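Remarks on the structure that follows.
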Amino acid sequence: MFVQEEKIFAGKVLKIHVCTMDGTEWLEEVTEDTTVEKLKERCLKHHVHGSLEDPKTLTHHKLIHAASERVLTDTKTVADENLKDKDVLLLIKKRPPPTPPKMADVSTDEKKKIDNKAPDKDAIQKATASLSTRHTDRTVTQHNIRDFQTELRKILVSLIEVAQKLLALNPDAVELFKKANAMLDEDEEDRVDEAALQQLTEMGFPENRAIRALRLNHMSVTQAMEWLIEHVDDPSVDSPLPGQDCSGAAGAAAATTPAPSSSADESSRQDELTEIFKRIRRKREFRPDSRAVVALMEMGFDEKEVIDALRVNNNQQDAACEWLLGDRKPSPEDLDKGIDTDSPLFQAILENPVVQLGLTNPKTLLAFEDMLENPLNSTQWMNDPETGPVMLQISRIFQTLNRT
């Protein structure tokens with residue numbers, strides 16, 4: 001009667017599938033209140049076919065739940081470990097702990113650590129006391145940082161000269177430049193940074209005003225937001241930008257302007273091209289960051305030298321401040337100097353077929369002019385289907401030769 005009551009009050013009987021590393025498999029029937037340690041002992045007895053001679057054998061093995069890959073805790077019961085009927089357990093021998101090092105080995109390792117220890121300041125000064133003192137010119141490092149921007153600008157200056165000469169040989173050069181210039185104006189009027197526009201509209205500004213603010217502030221979200229706040233009560237805030245109404249007529253007039261006849265004097269055509277180039281350059285005048293101008297002038301610098309500093313350093317306020325406080329090199333005049341036309345870099349650029357083809361496109365010349373005065377527009381020209389491939393090739397050639 002006692003045995004029957006024990007069976008009645010015992011927990012639910014589960015059939016557990018047990019596997020070992022050597023491929024042995026069997027079923028163990030256990031109740032939910034059986035401890036993991038007891039289950040492990042039964043598994044080991046089954047596996048070694050008898051009693052456990054070495055009591056350490058039990059502690060040197062572990063049971064792992066195959067589905068969840070977790071090690072079962074010896075002190076917990078089957079129910080605590082949430083084992084279910086027909087669950088699979090792995091019986092695995094634990095890895096032996098690493099052998100503790102001998103005292104002799106410990107002394108050797110400590111000695112190596114001491115020998116390999118980095119020298120302190122006193123040791124360095126003692127070792128270098130007999131060496132001659134050399135002062136590093138920190139300005140050289142600053143100039144090296146500017147090399148990429150400076151050289152790229154020189155490349156553009158020289159490529160503009162080459163492009164002008166190539167395009168001047170085209171009998172339809174004047175007509176092409178007028179059309180390209182008109183097309184560029186239309187692109188500029190329509191070009192709006194979508195991400196910047198979304199930021200302003202999410203702040204609650206009307207889309208039309210946000211577009212106007214971005215165009216007036218060179219797509220700068222911060223400056224556009226300040227402009228919108230300052231002009232919130234301005235009655236003319238929604239009026240079209242100057243020249244926007246007549247841009248279509250101007251473009252149409254430029255497109256319908258008759259090209260010079262074949263009998264026209266060559267010098268007259270060259271003069272007309274020169275005037276077009278001058279108008280393009282006047283339109284691409286450098287536009288300094290107004291906030292940077294104010295910040296630098298508050299430090300005591302004159303407006304002219306502040307604008308020069310921003311022009312040299314691509315509207316970067318911190319770099320412009322360093323330029324003003326330093327030796328002011330390169331100078332604004334250096335920006336208009338081209339690269340040595342006999343240099344391997346320039347020759348490699350001119351020999352590239354993509355660049356050669358691009359130099360015959362008036363839009364490439366206009367892009368070069370724009371990037372000279374507004375380096376922040378480089379990204380837009382890199383994404384342009386006509387000028388992007390040319391800029392990519394120039395960049396690759398520069399980086400390749402710069403590394404070598």
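The way I read the labels, and the way they are meant: chains A, B, ... in the order of the structure tokens, residue 1 as the first residue of every chain, and ligand 1 as the first ligand shown, with later ones counted on from there.
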
As a tab-separated table (two decimals) with C-alpha atoms, in the first residue's frame, please: the residues near A:Val306 (cut-off 8 Å, only C-alpha atoms, same-chain neighbours under 5 positions excluded).
```tsv
chain	number	residue	atom	x	y	z
A	293	VAL	CA	32.12	86.26	-41.43
A	296	LEU	CA	35.59	86.04	-37.35
A	297	MET	CA	35.05	89.79	-37.53
A	301	PHE	CA	39.80	90.74	-38.15
A	320	ALA	CA	39.92	80.11	-41.74
A	324	LEU	CA	44.30	84.18	-40.12
```

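Every protein or nucleic acid residue with an atom no more than 8 Å from A:Thr387, counting only C-alpha atoms and leaving out same-chain residues fewer than 4 positions away, appears here: Gly358, Lys363, Thr364, Ala367, Trp381, Met382, Asn383 and Met391 of chain A.
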
Residues of the last selection are to be written out with C-alpha atoms, as a PDB file, in the first residue's frame.
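Saved as out13.pdb:
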```
ATOM      1  CA  GLY A 358      34.427  65.901 -70.938  1.00  0.00           C
ATOM      2  CA  LYS A 363      28.845  72.204 -69.101  1.00  0.00           C
ATOM      3  CA  THR A 364      32.097  70.709 -67.757  1.00  0.00           C
ATOM      4  CA  ALA A 367      31.088  73.088 -63.512  1.00  0.00           C
ATOM      5  CA  TRP A 381      28.551  68.133 -59.863  1.00  0.00           C
ATOM      6  CA  MET A 382      29.816  64.687 -58.837  1.00  0.00           C
ATOM      7  CA  ASN A 383      26.217  63.431 -59.057  1.00  0.00           C
ATOM      8  CA  MET A 391      35.277  64.454 -61.669  1.00  0.00           C
TER       9      MET A 391
END
```

Of A:Leu89, A:Lys84, A:Leu44, A:Ser68, the one sitting nearest A:Cys19 when using only C-alpha atoms is A:Leu89

Env of A:Leu401: 9 Å cut, atoms = only C-alpha atoms, seq-sep filter 4 positions within chain, self excluded. Answer as a ChimeraX atom specification. /A:344-345,396-397

A:Lys86 environment, 7 Å, only C-alpha atoms, sequence neighbours closer than 3 positions dropped, as a PDB file with N, CA and C atoms, in the first residue's frame:
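As written to disk, result24.pdb reads:
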```pdb
ATOM      1  N   LYS A  15       9.777  10.818 -20.345  1.00  0.00           N
ATOM      2  CA  LYS A  15      10.752  10.017 -21.086  1.00  0.00           C
ATOM      3  C   LYS A  15      11.748  10.978 -21.752  1.00  0.00           C
ATOM      4  N   ILE A  16      13.004  10.918 -21.274  1.00  0.00           N
ATOM      5  CA  ILE A  16      14.049  11.826 -21.752  1.00  0.00           C
ATOM      6  C   ILE A  16      15.003  11.054 -22.647  1.00  0.00           C
ATOM      7  N   HIS A  17      15.282  11.621 -23.821  1.00  0.00           N
ATOM      8  CA  HIS A  17      16.205  11.005 -24.777  1.00  0.00           C
ATOM      9  C   HIS A  17      17.608  11.503 -24.450  1.00  0.00           C
TER      10      HIS A  17
END
```

Separation of atom CA of A:Asp302 and atom CA of A:Leu156, in Å?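 Between these atoms lies a distance of 29.2 Å.
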
Using only C-alpha atoms, which residues sit within 12 Å of A:Asn352 once same-chain residues fewer than 3 positions away are excluded, as a PyMOL selection string? chain A and resi 345-349+355-359+389-397
